Amino acid sequence: MIRNFVIATCLSALAVPVATAATIVVPAKSGPESITIAPNGDLILGSTGSAKIYRSKKGSGQPAVFVDASAEGAVYFLGVLADAPTNTLWACQIYPAASSNQEHSALRGFDLKTGGAKFRWELPGITNLCNDFVVGPDKALYISDTFGAKIWRLKPGATVPEVFSDDRTLLGIDGITFVGDTLYENNVIFNKLYRVPMDASGKAGKPVDIWLDKPIKGPDGMRAANGKLFLSENAAGKIDMVTVSGETATVTMLKDGLAAPTSVEPAGGTLWYNELEADRANSMRLPK
C-alpha cells in the first residue's frame with residue numbers, strides 16, 4: 001500500500017488452526033500493517049509505528065512483543081509471513097529515510113518459535129521497498145519490491161535472492177500470491193491486478209493485465225484460498241474476494257468502512273484482516 005508513505009502487501013493461505021478471538025488490538029499507534037498465522041494458530045502482526053512485531057497466542061487476544069528491533073533505530077515493519085517448513089518468520093524491515101526517493105529496506109528472517117534473528121538481506125539500489133512475499137509451489141520465497149519495481153526470488157538453500165521479474169509495470173507492486181501454480185501481483189499505485197506468467201524453466205514473462213469488473217482503490221495485501229484471491233483496498237477501506245477467469249476477474253466486496261485495511265490472511269475457515277489506522281486485526285468467515 002501507499003498511504004502516508006507506508007506501503008504494504010500479503011501472503012499465502014495456510015490451513016492451520018486459527019486464533020479464536022474475533023478482534024486483536026495492539027498498542028496505540030502501532031499501525032499493524034501485515035498479519036500472518038503461525039503453525040500453532042498464533043496471530044503475528046507487523047508494526048509501522050514501531051520497531052516491533054507482535055504475537056497474540058491462539059485464543060488470548062492479548063498481543064505481546066515477539067521481535068524488537070529498537071536497537072537499530074526508528075525502523076518499522078511492513079510484510080510478515082510465517083514459513084512453517086523453514087521455521088522462519090519473514091519480515092520486511094524498513095529504514096527511516098530523509099525522503100521517499102531514498103526509501104531503503106531489508107528482508108529479515110526470524111526464528112518462528114523464539115523470534116531470534118537468523119537472516120538479513122539488504123535490498124540493492126538507492127531506492128527500494130521490501131513490501132510483501134509468498135512461498136511458491138517450488139518452495140522459493142517471492143518478494144515484492146515496490147519502489148525497485150522488481151520481484152525477487154530466494155530459492156531454497158540460497159543465501160541471496162535473484163531477480164525473478166524486472167518490468168516497468170512492477171513500479172508500485174504490492175500484494176503477491178499464488179493460486180495453484182499461477183502467480184498474481186497487484187499494483188497499489190496504478191490500481192491494477194496482474195498475472196505473472198512463468199515458463200517450464202521458472203523464468204518470468206511479462207506481467208499480464210487482468211481486467212476487473214469493478215475499480216479497486218489502493219490494492220494492498222493479497223492472499224489466496226479456495227481458488228480465489230482475497231484482497232485489501234487500503235484507500236477504499238474494503239476487503240474483497242476476486243474470482244479470476246483467464247484475463248478477466250470479478251470483484252466481490254466482503255467488508256467496507258474499514259480504517260486502512262492493508263492485509264488479509266485466510267486460515268482454515270477464517271479470514272483475518274487488519275485495520276492499520278485502528279491498531280487492530282479482525283476476523284470473518286472465509287467465503288467458499
# chains A, B, ... in the order shown; residues from 1 in each chain; ligands from 1
$ residues_around --residues "Gly221 of chain A" --least-positions-apart "2" --cutoff "10 Å" --atoms "only C-alpha atoms" --output "PDB file with all heavy atoms, in the first residue's frame"
ATOM      1  N   MET A   1       0.827  -1.182   0.000  1.00  0.00           N
ATOM      2  CA  MET A   1       0.000   0.000   0.000  1.00  0.00           C
ATOM      3  C   MET A   1       0.861   1.232   0.000  1.00  0.00           C
ATOM      4  O   MET A   1       1.974   1.222   0.457  1.00  0.00           O
ATOM      5  CB  MET A   1      -0.892   0.013   1.247  1.00  0.00           C
ATOM      6  CG  MET A   1      -0.491   1.036   2.270  1.00  0.00           C
ATOM      7  SD  MET A   1      -1.547   1.056   3.696  1.00  0.00           S
ATOM      8  CE  MET A   1      -1.054   2.585   4.382  1.00  0.00           C
ATOM      9  N   ILE A   7       3.811   1.459   2.676  1.00  0.00           N
ATOM     10  CA  ILE A   7       3.475   0.549   1.600  1.00  0.00           C
ATOM     11  C   ILE A   7       3.222  -0.837   2.171  1.00  0.00           C
ATOM     12  O   ILE A   7       3.903  -1.254   3.066  1.00  0.00           O
ATOM     13  CB  ILE A   7       4.644   0.441   0.607  1.00  0.00           C
ATOM     14  CG1 ILE A   7       5.139   1.820   0.239  1.00  0.00           C
ATOM     15  CG2 ILE A   7       4.249  -0.349  -0.601  1.00  0.00           C
ATOM     16  CD1 ILE A   7       4.546   2.479  -0.903  1.00  0.00           C
ATOM     17  N   ALA A   8       2.308  -1.573   1.623  1.00  0.00           N
ATOM     18  CA  ALA A   8       2.045  -2.871   2.199  1.00  0.00           C
ATOM     19  C   ALA A   8       1.729  -3.994   1.219  1.00  0.00           C
ATOM     20  O   ALA A   8       1.361  -3.719   0.142  1.00  0.00           O
ATOM     21  CB  ALA A   8       0.859  -2.762   3.110  1.00  0.00           C
ATOM     22  N   THR A   9       1.440  -5.218   1.486  1.00  0.00           N
ATOM     23  CA  THR A   9       1.180  -6.416   0.783  1.00  0.00           C
ATOM     24  C   THR A   9       0.754  -7.526   1.479  1.00  0.00           C
ATOM     25  O   THR A   9       0.320  -7.311   2.483  1.00  0.00           O
ATOM     26  CB  THR A   9       2.272  -7.153   0.351  1.00  0.00           C
ATOM     27  OG1 THR A   9       3.333  -7.756   0.782  1.00  0.00           O
ATOM     28  CG2 THR A   9       2.462  -6.818   0.197  1.00  0.00           C
ATOM     29  N   CYS A  10       1.183  -9.060   1.164  1.00  0.00           N
ATOM     30  CA  CYS A  10       0.407 -10.176   1.705  1.00  0.00           C
ATOM     31  C   CYS A  10       0.981 -11.542   1.448  1.00  0.00           C
ATOM     32  O   CYS A  10       2.011 -11.600   0.946  1.00  0.00           O
ATOM     33  CB  CYS A  10      -0.808  -9.964   1.243  1.00  0.00           C
ATOM     34  SG  CYS A  10      -0.707  -8.722   2.585  1.00  0.00           S
ATOM     35  N   LEU A  11       0.238 -12.512   1.679  1.00  0.00           N
ATOM     36  CA  LEU A  11       0.918 -13.772   1.933  1.00  0.00           C
ATOM     37  C   LEU A  11       0.052 -14.942   1.490  1.00  0.00           C
ATOM     38  O   LEU A  11      -1.118 -14.813   1.208  1.00  0.00           O
ATOM     39  CB  LEU A  11       1.235 -13.882   3.421  1.00  0.00           C
ATOM     40  CG  LEU A  11       1.787 -12.602   4.013  1.00  0.00           C
ATOM     41  CD1 LEU A  11       1.747 -12.677   5.528  1.00  0.00           C
ATOM     42  CD2 LEU A  11       3.169 -12.332   3.560  1.00  0.00           C
ATOM     43  N   GLU A  33       0.515  -3.345   9.972  1.00  0.00           N
ATOM     44  CA  GLU A  33       0.367  -3.265   8.522  1.00  0.00           C
ATOM     45  C   GLU A  33       0.157  -4.621   7.862  1.00  0.00           C
ATOM     46  O   GLU A  33      -0.462  -4.714   6.812  1.00  0.00           O
ATOM     47  CB  GLU A  33       1.607  -2.564   7.944  1.00  0.00           C
ATOM     48  CG  GLU A  33       1.467  -2.089   6.519  1.00  0.00           C
ATOM     49  CD  GLU A  33       1.761  -3.188   5.531  1.00  0.00           C
ATOM     50  OE1 GLU A  33       2.415  -4.166   5.890  1.00  0.00           O
ATOM     51  OE2 GLU A  33       1.323  -3.041   4.378  1.00  0.00           O
ATOM     52  N   SER A  34       0.682  -5.675   8.470  1.00  0.00           N
ATOM     53  CA  SER A  34       0.577  -7.002   7.876  1.00  0.00           C
ATOM     54  C   SER A  34       0.363  -8.028   8.979  1.00  0.00           C
ATOM     55  O   SER A  34       0.809  -7.835  10.112  1.00  0.00           O
ATOM     56  CB  SER A  34       1.852  -7.333   7.085  1.00  0.00           C
ATOM     57  OG  SER A  34       1.729  -8.572   6.433  1.00  0.00           O
ATOM     58  N   ILE A  35      -0.335  -9.108   8.634  1.00  0.00           N
ATOM     59  CA  ILE A  35      -0.623 -10.165   9.603  1.00  0.00           C
ATOM     60  C   ILE A  35      -0.341 -11.529   8.977  1.00  0.00           C
ATOM     61  O   ILE A  35      -0.410 -11.699   7.760  1.00  0.00           O
ATOM     62  CB  ILE A  35      -2.083 -10.112  10.100  1.00  0.00           C
ATOM     63  CG1 ILE A  35      -3.065 -10.104   8.915  1.00  0.00           C
ATOM     64  CG2 ILE A  35      -2.305  -8.901  10.982  1.00  0.00           C
ATOM     65  CD1 ILE A  35      -4.530 -10.100   9.318  1.00  0.00           C
ATOM     66  N   GLY A  79       5.486  -6.186   5.457  1.00  0.00           N
ATOM     67  CA  GLY A  79       5.006  -7.559   5.380  1.00  0.00           C
ATOM     68  C   GLY A  79       5.614  -8.498   6.412  1.00  0.00           C
ATOM     69  O   GLY A  79       6.783  -8.368   6.767  1.00  0.00           O
ATOM     70  N   ASN A 131       8.200  -5.232   0.460  1.00  0.00           N
ATOM     71  CA  ASN A 131       6.817  -4.972   0.844  1.00  0.00           C
ATOM     72  C   ASN A 131       6.089  -6.222   1.300  1.00  0.00           C
ATOM     73  O   ASN A 131       5.503  -6.261   2.366  1.00  0.00           O
ATOM     74  CB  ASN A 131       6.081  -4.344  -0.336  1.00  0.00           C
ATOM     75  CG  ASN A 131       4.797  -3.662   0.071  1.00  0.00           C
ATOM     76  OD1 ASN A 131       4.121  -4.085   0.984  1.00  0.00           O
ATOM     77  ND2 ASN A 131       4.454  -2.601  -0.638  1.00  0.00           N
ATOM     78  N   ASP A 132       6.123  -7.269   0.476  1.00  0.00           N
ATOM     79  CA  ASP A 132       5.384  -8.480   0.810  1.00  0.00           C
ATOM     80  C   ASP A 132       6.046  -9.672   0.139  1.00  0.00           C
ATOM     81  O   ASP A 132       6.969  -9.516  -0.655  1.00  0.00           O
ATOM     82  CB  ASP A 132       3.939  -8.347   0.362  1.00  0.00           C
ATOM     83  CG  ASP A 132       2.988  -9.094   1.276  1.00  0.00           C
ATOM     84  OD1 ASP A 132       3.453  -9.914   2.093  1.00  0.00           O
ATOM     85  OD2 ASP A 132       1.769  -8.870   1.180  1.00  0.00           O
ATOM     86  N   PHE A 133       5.527 -10.862   0.437  1.00  0.00           N
ATOM     87  CA  PHE A 133       6.144 -12.075  -0.081  1.00  0.00           C
ATOM     88  C   PHE A 133       5.168 -13.234  -0.024  1.00  0.00           C
ATOM     89  O   PHE A 133       4.134 -13.177   0.644  1.00  0.00           O
ATOM     90  CB  PHE A 133       7.411 -12.455   0.693  1.00  0.00           C
ATOM     91  CG  PHE A 133       7.541 -11.804   2.034  1.00  0.00           C
ATOM     92  CD1 PHE A 133       6.543 -11.913   2.990  1.00  0.00           C
ATOM     93  CD2 PHE A 133       8.664 -11.059   2.362  1.00  0.00           C
ATOM     94  CE1 PHE A 133       6.652 -11.297   4.219  1.00  0.00           C
ATOM     95  CE2 PHE A 133       8.784 -10.432   3.598  1.00  0.00           C
ATOM     96  CZ  PHE A 133       7.771 -10.559   4.520  1.00  0.00           C
ATOM     97  N   ASP A 174       2.674  -4.499  -4.935  1.00  0.00           N
ATOM     98  CA  ASP A 174       2.398  -4.601  -3.506  1.00  0.00           C
ATOM     99  C   ASP A 174       2.118  -6.054  -3.150  1.00  0.00           C
ATOM    100  O   ASP A 174       3.030  -6.832  -2.932  1.00  0.00           O
ATOM    101  CB  ASP A 174       1.221  -3.687  -3.140  1.00  0.00           C
ATOM    102  CG  ASP A 174       1.150  -3.398  -1.662  1.00  0.00           C
ATOM    103  OD1 ASP A 174       1.344  -4.331  -0.857  1.00  0.00           O
ATOM    104  OD2 ASP A 174       0.886  -2.246  -1.290  1.00  0.00           O
ATOM    105  N   GLY A 175       0.839  -6.452  -3.114  1.00  0.00           N
ATOM    106  CA  GLY A 175       0.489  -7.819  -2.750  1.00  0.00           C
ATOM    107  C   GLY A 175       0.919  -8.822  -3.794  1.00  0.00           C
ATOM    108  O   GLY A 175       0.926  -8.535  -4.996  1.00  0.00           O
ATOM    109  N   ILE A 176       1.281 -10.017  -3.335  1.00  0.00           N
ATOM    110  CA  ILE A 176       1.772 -11.060  -4.233  1.00  0.00           C
ATOM    111  C   ILE A 176       1.361 -12.417  -3.664  1.00  0.00           C
ATOM    112  O   ILE A 176       1.512 -12.665  -2.471  1.00  0.00           O
ATOM    113  CB  ILE A 176       3.307 -10.942  -4.409  1.00  0.00           C
ATOM    114  CG1 ILE A 176       3.840 -11.972  -5.396  1.00  0.00           C
ATOM    115  CG2 ILE A 176       4.038 -11.020  -3.071  1.00  0.00           C
ATOM    116  CD1 ILE A 176       5.298 -11.720  -5.797  1.00  0.00           C
ATOM    117  N   THR A 177       0.815 -13.280  -4.518  1.00  0.00           N
ATOM    118  CA  THR A 177       0.384 -14.590  -4.041  1.00  0.00           C
ATOM    119  C   THR A 177       0.208 -15.552  -5.208  1.00  0.00           C
ATOM    120  O   THR A 177       0.125 -15.137  -6.365  1.00  0.00           O
ATOM    121  CB  THR A 177      -0.922 -14.485  -3.233  1.00  0.00           C
ATOM    122  OG1 THR A 177      -1.139 -15.682  -2.494  1.00  0.00           O
ATOM    123  CG2 THR A 177      -2.120 -14.239  -4.138  1.00  0.00           C
ATOM    124  N   GLU A 185       0.046 -10.573  -8.827  1.00  0.00           N
ATOM    125  CA  GLU A 185       0.523  -9.430  -8.047  1.00  0.00           C
ATOM    126  C   GLU A 185      -0.379  -8.239  -8.342  1.00  0.00           C
ATOM    127  O   GLU A 185      -0.985  -8.162  -9.415  1.00  0.00           O
ATOM    128  CB  GLU A 185       1.989  -9.107  -8.366  1.00  0.00           C
ATOM    129  CG  GLU A 185       2.331  -8.952  -9.830  1.00  0.00           C
ATOM    130  CD  GLU A 185       2.333  -7.523 -10.336  1.00  0.00           C
ATOM    131  OE1 GLU A 185       2.009  -6.608  -9.535  1.00  0.00           O
ATOM    132  OE2 GLU A 185       2.635  -7.314 -11.516  1.00  0.00           O
ATOM    133  N   ASN A 186      -0.488  -7.347  -7.356  1.00  0.00           N
ATOM    134  CA  ASN A 186      -1.273  -6.138  -7.590  1.00  0.00           C
ATOM    135  C   ASN A 186      -0.382  -4.911  -7.530  1.00  0.00           C
ATOM    136  O   ASN A 186       0.757  -4.973  -7.080  1.00  0.00           O
ATOM    137  CB  ASN A 186      -2.462  -6.041  -6.633  1.00  0.00           C
ATOM    138  CG  ASN A 186      -2.061  -5.926  -5.173  1.00  0.00           C
ATOM    139  OD1 ASN A 186      -1.176  -5.146  -4.807  1.00  0.00           O
ATOM    140  ND2 ASN A 186      -2.703  -6.706  -4.306  1.00  0.00           N
ATOM    141  N   VAL A 188      -0.356  -1.013  -6.188  1.00  0.00           N
ATOM    142  CA  VAL A 188      -1.015  -0.064  -5.302  1.00  0.00           C
ATOM    143  C   VAL A 188      -1.016   1.348  -5.861  1.00  0.00           C
ATOM    144  O   VAL A 188      -1.861   2.173  -5.488  1.00  0.00           O
ATOM    145  CB  VAL A 188      -0.353  -0.095  -3.909  1.00  0.00           C
ATOM    146  CG1 VAL A 188       1.055   0.477  -3.953  1.00  0.00           C
ATOM    147  CG2 VAL A 188      -1.202   0.615  -2.866  1.00  0.00           C
ATOM    148  N   GLY A 218      -6.248   1.399  -4.212  1.00  0.00           N
ATOM    149  CA  GLY A 218      -5.196   1.084  -3.250  1.00  0.00           C
ATOM    150  C   GLY A 218      -5.117  -0.397  -2.928  1.00  0.00           C
ATOM    151  O   GLY A 218      -5.098  -0.769  -1.756  1.00  0.00           O
ATOM    152  N   PRO A 219      -5.055  -1.275  -3.943  1.00  0.00           N
ATOM    153  CA  PRO A 219      -4.934  -2.711  -3.654  1.00  0.00           C
ATOM    154  C   PRO A 219      -3.649  -2.991  -2.884  1.00  0.00           C
ATOM    155  O   PRO A 219      -2.590  -2.501  -3.248  1.00  0.00           O
ATOM    156  CB  PRO A 219      -4.925  -3.365  -5.033  1.00  0.00           C
ATOM    157  CG  PRO A 219      -4.425  -2.298  -5.959  1.00  0.00           C
ATOM    158  CD  PRO A 219      -4.958  -1.015  -5.386  1.00  0.00           C
ATOM    159  N   ARG A 223      -4.001 -12.533  -0.553  1.00  0.00           N
ATOM    160  CA  ARG A 223      -3.778 -13.947  -0.285  1.00  0.00           C
ATOM    161  C   ARG A 223      -4.702 -14.771  -1.167  1.00  0.00           C
ATOM    162  O   ARG A 223      -5.642 -14.239  -1.762  1.00  0.00           O
ATOM    163  CB  ARG A 223      -4.074 -14.280   1.184  1.00  0.00           C
ATOM    164  CG  ARG A 223      -3.198 -13.608   2.199  1.00  0.00           C
ATOM    165  CD  ARG A 223      -1.827 -14.252   2.232  1.00  0.00           C
ATOM    166  NE  ARG A 223      -1.131 -13.920   3.453  1.00  0.00           N
ATOM    167  CZ  ARG A 223      -0.478 -12.779   3.639  1.00  0.00           C
ATOM    168  NH1 ARG A 223      -0.446 -11.872   2.693  1.00  0.00           N
ATOM    169  NH2 ARG A 223       0.150 -12.551   4.786  1.00  0.00           N
ATOM    170  N   PHE A 230      -8.051 -13.011  -2.215  1.00  0.00           N
ATOM    171  CA  PHE A 230      -8.637 -12.132  -1.210  1.00  0.00           C
ATOM    172  C   PHE A 230      -7.728 -10.919  -1.093  1.00  0.00           C
ATOM    173  O   PHE A 230      -6.509 -11.053  -0.981  1.00  0.00           O
ATOM    174  CB  PHE A 230      -8.817 -12.868   0.112  1.00  0.00           C
ATOM    175  CG  PHE A 230      -9.849 -13.953   0.010  1.00  0.00           C
ATOM    176  CD1 PHE A 230      -9.496 -15.229  -0.395  1.00  0.00           C
ATOM    177  CD2 PHE A 230     -11.188 -13.675   0.266  1.00  0.00           C
ATOM    178  CE1 PHE A 230     -10.460 -16.227  -0.532  1.00  0.00           C
ATOM    179  CE2 PHE A 230     -12.154 -14.665   0.137  1.00  0.00           C
ATOM    180  CZ  PHE A 230     -11.797 -15.941  -0.265  1.00  0.00           C
ATOM    181  N   LEU A 231      -8.336  -9.741  -1.129  1.00  0.00           N
ATOM    182  CA  LEU A 231      -7.592  -8.514  -1.371  1.00  0.00           C
ATOM    183  C   LEU A 231      -8.073  -7.405  -0.446  1.00  0.00           C
ATOM    184  O   LEU A 231      -9.275  -7.244  -0.217  1.00  0.00           O
ATOM    185  CB  LEU A 231      -7.804  -8.105  -2.831  1.00  0.00           C
ATOM    186  CG  LEU A 231      -7.336  -6.732  -3.289  1.00  0.00           C
ATOM    187  CD1 LEU A 231      -5.815  -6.698  -3.359  1.00  0.00           C
ATOM    188  CD2 LEU A 231      -7.923  -6.406  -4.661  1.00  0.00           C
ATOM    189  N   SER A 232      -7.127  -6.622   0.078  1.00  0.00           N
ATOM    190  CA  SER A 232      -7.475  -5.420   0.850  1.00  0.00           C
ATOM    191  C   SER A 232      -7.303  -4.194  -0.040  1.00  0.00           C
ATOM    192  O   SER A 232      -6.355  -4.090  -0.803  1.00  0.00           O
ATOM    193  CB  SER A 232      -6.594  -5.307   2.091  1.00  0.00           C
ATOM    194  OG  SER A 232      -5.223  -5.258   1.730  1.00  0.00           O
ATOM    195  N   GLU A 233      -8.248  -3.263   0.074  1.00  0.00           N
ATOM    196  CA  GLU A 233      -8.157  -1.972  -0.616  1.00  0.00           C
ATOM    197  C   GLU A 233      -7.903  -0.911   0.451  1.00  0.00           C
ATOM    198  O   GLU A 233      -8.820  -0.477   1.139  1.00  0.00           O
ATOM    199  CB  GLU A 233      -9.449  -1.642  -1.359  1.00  0.00           C
ATOM    200  CG  GLU A 233      -9.782  -2.537  -2.535  1.00  0.00           C
ATOM    201  CD  GLU A 233     -11.026  -2.045  -3.276  1.00  0.00           C
ATOM    202  OE1 GLU A 233     -11.027  -0.877  -3.729  1.00  0.00           O
ATOM    203  OE2 GLU A 233     -11.989  -2.817  -3.372  1.00  0.00           O
ATOM    204  N   ASN A 234      -6.654  -0.477   0.581  1.00  0.00           N
ATOM    205  CA  ASN A 234      -6.328   0.430   1.684  1.00  0.00           C
ATOM    206  C   ASN A 234      -6.973   1.797   1.531  1.00  0.00           C
ATOM    207  O   ASN A 234      -7.329   2.439   2.515  1.00  0.00           O
ATOM    208  CB  ASN A 234      -4.813   0.550   1.865  1.00  0.00           C
ATOM    209  CG  ASN A 234      -4.114   1.199   0.688  1.00  0.00           C
ATOM    210  OD1 ASN A 234      -4.427   2.298   0.272  1.00  0.00           O
ATOM    211  ND2 ASN A 234      -3.117   0.514   0.138  1.00  0.00           N
ATOM    212  N   ILE A 239     -12.448  -4.967   1.978  1.00  0.00           N
ATOM    213  CA  ILE A 239     -11.890  -6.300   1.780  1.00  0.00           C
ATOM    214  C   ILE A 239     -12.706  -6.957   0.675  1.00  0.00           C
ATOM    215  O   ILE A 239     -13.946  -6.942   0.722  1.00  0.00           O
ATOM    216  CB  ILE A 239     -11.965  -7.157   3.064  1.00  0.00           C
ATOM    217  CG1 ILE A 239     -11.200  -6.485   4.205  1.00  0.00           C
ATOM    218  CG2 ILE A 239     -11.424  -8.568   2.792  1.00  0.00           C
ATOM    219  CD1 ILE A 239      -9.714  -6.349   3.980  1.00  0.00           C
ATOM    220  N   PRO A 261      -7.426  -0.907   5.719  1.00  0.00           N
ATOM    221  CA  PRO A 261      -7.047  -2.317   5.700  1.00  0.00           C
ATOM    222  C   PRO A 261      -5.900  -2.533   4.724  1.00  0.00           C
ATOM    223  O   PRO A 261      -5.978  -2.106   3.568  1.00  0.00           O
ATOM    224  CB  PRO A 261      -8.322  -3.020   5.223  1.00  0.00           C
ATOM    225  CG  PRO A 261      -9.012  -1.999   4.370  1.00  0.00           C
ATOM    226  CD  PRO A 261      -8.702  -0.670   5.011  1.00  0.00           C
ATOM    227  N   THR A 262      -4.841  -3.178   5.174  1.00  0.00           N
ATOM    228  CA  THR A 262      -3.659  -3.348   4.331  1.00  0.00           C
ATOM    229  C   THR A 262      -3.216  -4.802   4.196  1.00  0.00           C
ATOM    230  O   THR A 262      -2.215  -5.077   3.547  1.00  0.00           O
ATOM    231  CB  THR A 262      -2.478  -2.517   4.882  1.00  0.00           C
ATOM    232  OG1 THR A 262      -2.253  -2.887   6.253  1.00  0.00           O
ATOM    233  CG2 THR A 262      -2.787  -1.027   4.813  1.00  0.00           C
ATOM    234  N   SER A 263      -3.942  -5.730   4.827  1.00  0.00           N
ATOM    235  CA  SER A 263      -3.555  -7.133   4.698  1.00  0.00           C
ATOM    236  C   SER A 263      -4.744  -8.037   4.967  1.00  0.00           C
ATOM    237  O   SER A 263      -5.716  -7.648   5.620  1.00  0.00           O
ATOM    238  CB  SER A 263      -2.408  -7.479   5.657  1.00  0.00           C
ATOM    239  OG  SER A 263      -2.834  -7.356   7.001  1.00  0.00           O
ATOM    240  N   VAL A 264      -4.651  -9.249   4.449  1.00  0.00           N
ATOM    241  CA  VAL A 264      -5.629 -10.302   4.699  1.00  0.00           C
ATOM    242  C   VAL A 264      -4.869 -11.596   4.939  1.00  0.00           C
ATOM    243  O   VAL A 264      -3.737 -11.759   4.477  1.00  0.00           O
ATOM    244  CB  VAL A 264      -6.613 -10.484   3.520  1.00  0.00           C
ATOM    245  CG1 VAL A 264      -7.567  -9.328   3.408  1.00  0.00           C
ATOM    246  CG2 VAL A 264      -5.856 -10.679   2.205  1.00  0.00           C
ATOM    247  N   GLU A 265      -5.492 -12.520   5.655  1.00  0.00           N
ATOM    248  CA  GLU A 265      -4.851 -13.806   5.911  1.00  0.00           C
ATOM    249  C   GLU A 265      -5.924 -14.873   6.112  1.00  0.00           C
ATOM    250  O   GLU A 265      -6.563 -14.941   7.163  1.00  0.00           O
ATOM    251  CB  GLU A 265      -3.948 -13.730   7.138  1.00  0.00           C
ATOM    252  CG  GLU A 265      -3.309 -15.053   7.528  1.00  0.00           C
ATOM    253  CD  GLU A 265      -2.153 -15.480   6.632  1.00  0.00           C
ATOM    254  OE1 GLU A 265      -2.103 -15.045   5.467  1.00  0.00           O
ATOM    255  OE2 GLU A 265      -1.304 -16.249   7.089  1.00  0.00           O
ATOM    256  N   TYR A 273      -8.209  -9.912   8.755  1.00  0.00           N
ATOM    257  CA  TYR A 273      -7.839  -8.682   8.051  1.00  0.00           C
ATOM    258  C   TYR A 273      -7.490  -7.630   9.098  1.00  0.00           C
ATOM    259  O   TYR A 273      -7.932  -7.699  10.248  1.00  0.00           O
ATOM    260  CB  TYR A 273      -8.974  -8.196   7.142  1.00  0.00           C
ATOM    261  CG  TYR A 273     -10.264  -7.905   7.865  1.00  0.00           C
ATOM    262  CD1 TYR A 273     -10.571  -6.624   8.318  1.00  0.00           C
ATOM    263  CD2 TYR A 273     -11.192  -8.923   8.107  1.00  0.00           C
ATOM    264  CE1 TYR A 273     -11.749  -6.357   8.991  1.00  0.00           C
ATOM    265  CE2 TYR A 273     -12.376  -8.669   8.775  1.00  0.00           C
ATOM    266  CZ  TYR A 273     -12.651  -7.385   9.212  1.00  0.00           C
ATOM    267  OH  TYR A 273     -13.827  -7.130   9.888  1.00  0.00           O
ATOM    268  N   ASN A 274      -6.671  -6.679   8.714  1.00  0.00           N
ATOM    269  CA  ASN A 274      -6.228  -5.659   9.662  1.00  0.00           C
ATOM    270  C   ASN A 274      -6.891  -4.318   9.385  1.00  0.00           C
ATOM    271  O   ASN A 274      -7.483  -4.099   8.315  1.00  0.00           O
ATOM    272  CB  ASN A 274      -4.714  -5.491   9.609  1.00  0.00           C
ATOM    273  CG  ASN A 274      -4.301  -4.650   8.414  1.00  0.00           C
ATOM    274  OD1 ASN A 274      -4.803  -4.865   7.304  1.00  0.00           O
ATOM    275  ND2 ASN A 274      -3.405  -3.696   8.594  1.00  0.00           N
TER     276      ASN A 274
END
$ closest_atom_pairs --of "segment 84-200 of chain A" --to "segment 52-65 of chain A" --cutoff "12 Å" --atoms "only C-alpha atoms" --output "CSV"
residue,atom,partner,partner_atom,distance
A:Leu89,CA,A:Ile53,CA,10.2
A:Trp90,CA,A:Ile53,CA,11.0
A:Ala91,CA,A:Ile53,CA,9.0
A:Cys92,CA,A:Ile53,CA,10.9
A:Gln93,CA,A:Lys52,CA,10.0
A:Ile94,CA,A:Lys52,CA,11.7
A:Arg108,CA,A:Ile53,CA,11.9
A:Phe110,CA,A:Ile53,CA,10.6
A:Leu112,CA,A:Arg55,CA,10.6
A:Lys113,CA,A:Arg55,CA,10.8
A:Thr114,CA,A:Arg55,CA,11.1
A:Gly115,CA,A:Ile53,CA,9.2
A:Gly116,CA,A:Ile53,CA,11.9
$ residues_around --residues "Thr23 of chain A" --least-positions-apart "3" --cutoff "7 Å" --atoms "only C-alpha atoms" --output "PyMOL selection string"
chain A and resi 61+280-283
$ write_last_selection --atoms "C-alpha atoms" --output "compact mmCIF listing (two decimals), in the first residue's frame"
# COMPACT_ATOMS: atom_id res chain seq x y z
CA GLY A 61 -6.46 -11.76 22.04
CA ARG A 280 -6.33 -3.93 15.29
CA ALA A 281 -6.96 -7.15 13.40
CA ASN A 282 -10.43 -8.63 12.89
CA SER A 283 -11.84 -11.86 11.52
$ residues_around --residues "Lys192 of chain A" --least-positions-apart "5" --cutoff "10 Å" --atoms "only C-alpha atoms" --output "NGL selection string"
:A and (169 or 172-173 or 185-187 or 209-212 or 215-219)
$ select_by_dssp --residues "segment 14-202 of chain A" --states "helix (DSSP H, G or I)" --output "VMD selection string"
chain A and resid 70 to 72 84 to 86 100 to 102 168 to 170
$ residues_around --residues "Gly202 of chain A" --least-positions-apart "2" --cutoff "12 Å" --atoms "only C-alpha atoms" --output "MDAnalysis selection string"
chainID A and resid 136:138 140 153 155 163:165 181:183 196:200 204:205
$ atom_distance --atom1 "atom CA of Ala260 of chain A" --atom2 "atom CA of Ala69 of chain A"
24.6 Å
$ select_by_dssp --residues "segment 47-251 of chain A" --states "strand (DSSP E or B)" --output "MDAnalysis selection string"
chainID A and resid 52:56 64:68 76:83 88:95 104:111 117:122 130:135 141:145 150:154 162:166 173:179 182:187 192:196 198 204 208:209 211:212 219:225 228:233 238:245 248:251
$ residues_around --residues "Leu141 of chain A" --least-positions-apart "4" --cutoff "6 Å" --atoms "only C-alpha atoms" --output "MDAnalysis selection string"
chainID A and resid 134:135 153:154
$ write_last_selection --atoms "N, CA and C atoms" --output "PDB file, in the first residue's frame"
ATOM      1  N   VAL A 134       5.528 -14.282  -0.744  1.00  0.00           N
ATOM      2  CA  VAL A 134       4.755 -15.523  -0.741  1.00  0.00           C
ATOM      3  C   VAL A 134       5.719 -16.665  -1.016  1.00  0.00           C
ATOM      4  N   VAL A 135       5.454 -17.813  -0.405  1.00  0.00           N
ATOM      5  CA  VAL A 135       6.224 -19.019  -0.716  1.00  0.00           C
ATOM      6  C   VAL A 135       5.506 -19.739  -1.857  1.00  0.00           C
ATOM      7  N   ARG A 153      13.447 -13.494  -5.975  1.00  0.00           N
ATOM      8  CA  ARG A 153      13.167 -14.889  -5.624  1.00  0.00           C
ATOM      9  C   ARG A 153      14.340 -15.463  -4.830  1.00  0.00           C
ATOM     10  N   LEU A 154      14.015 -15.965  -3.646  1.00  0.00           N
ATOM     11  CA  LEU A 154      15.008 -16.624  -2.804  1.00  0.00           C
ATOM     12  C   LEU A 154      14.745 -18.126  -2.868  1.00  0.00           C
TER      13      LEU A 154
END
$ atom_distance --atom1 "atom CA of Trp121 of chain A" --atom2 "atom CA of Gly49 of chain A"
22.0 Å
$ closest_residue --among "A:Ile24, A:Ala225, A:Val80, A:Cys130" --to "Trp152 of chain A" --atoms "only C-alpha atoms"
A:Cys130
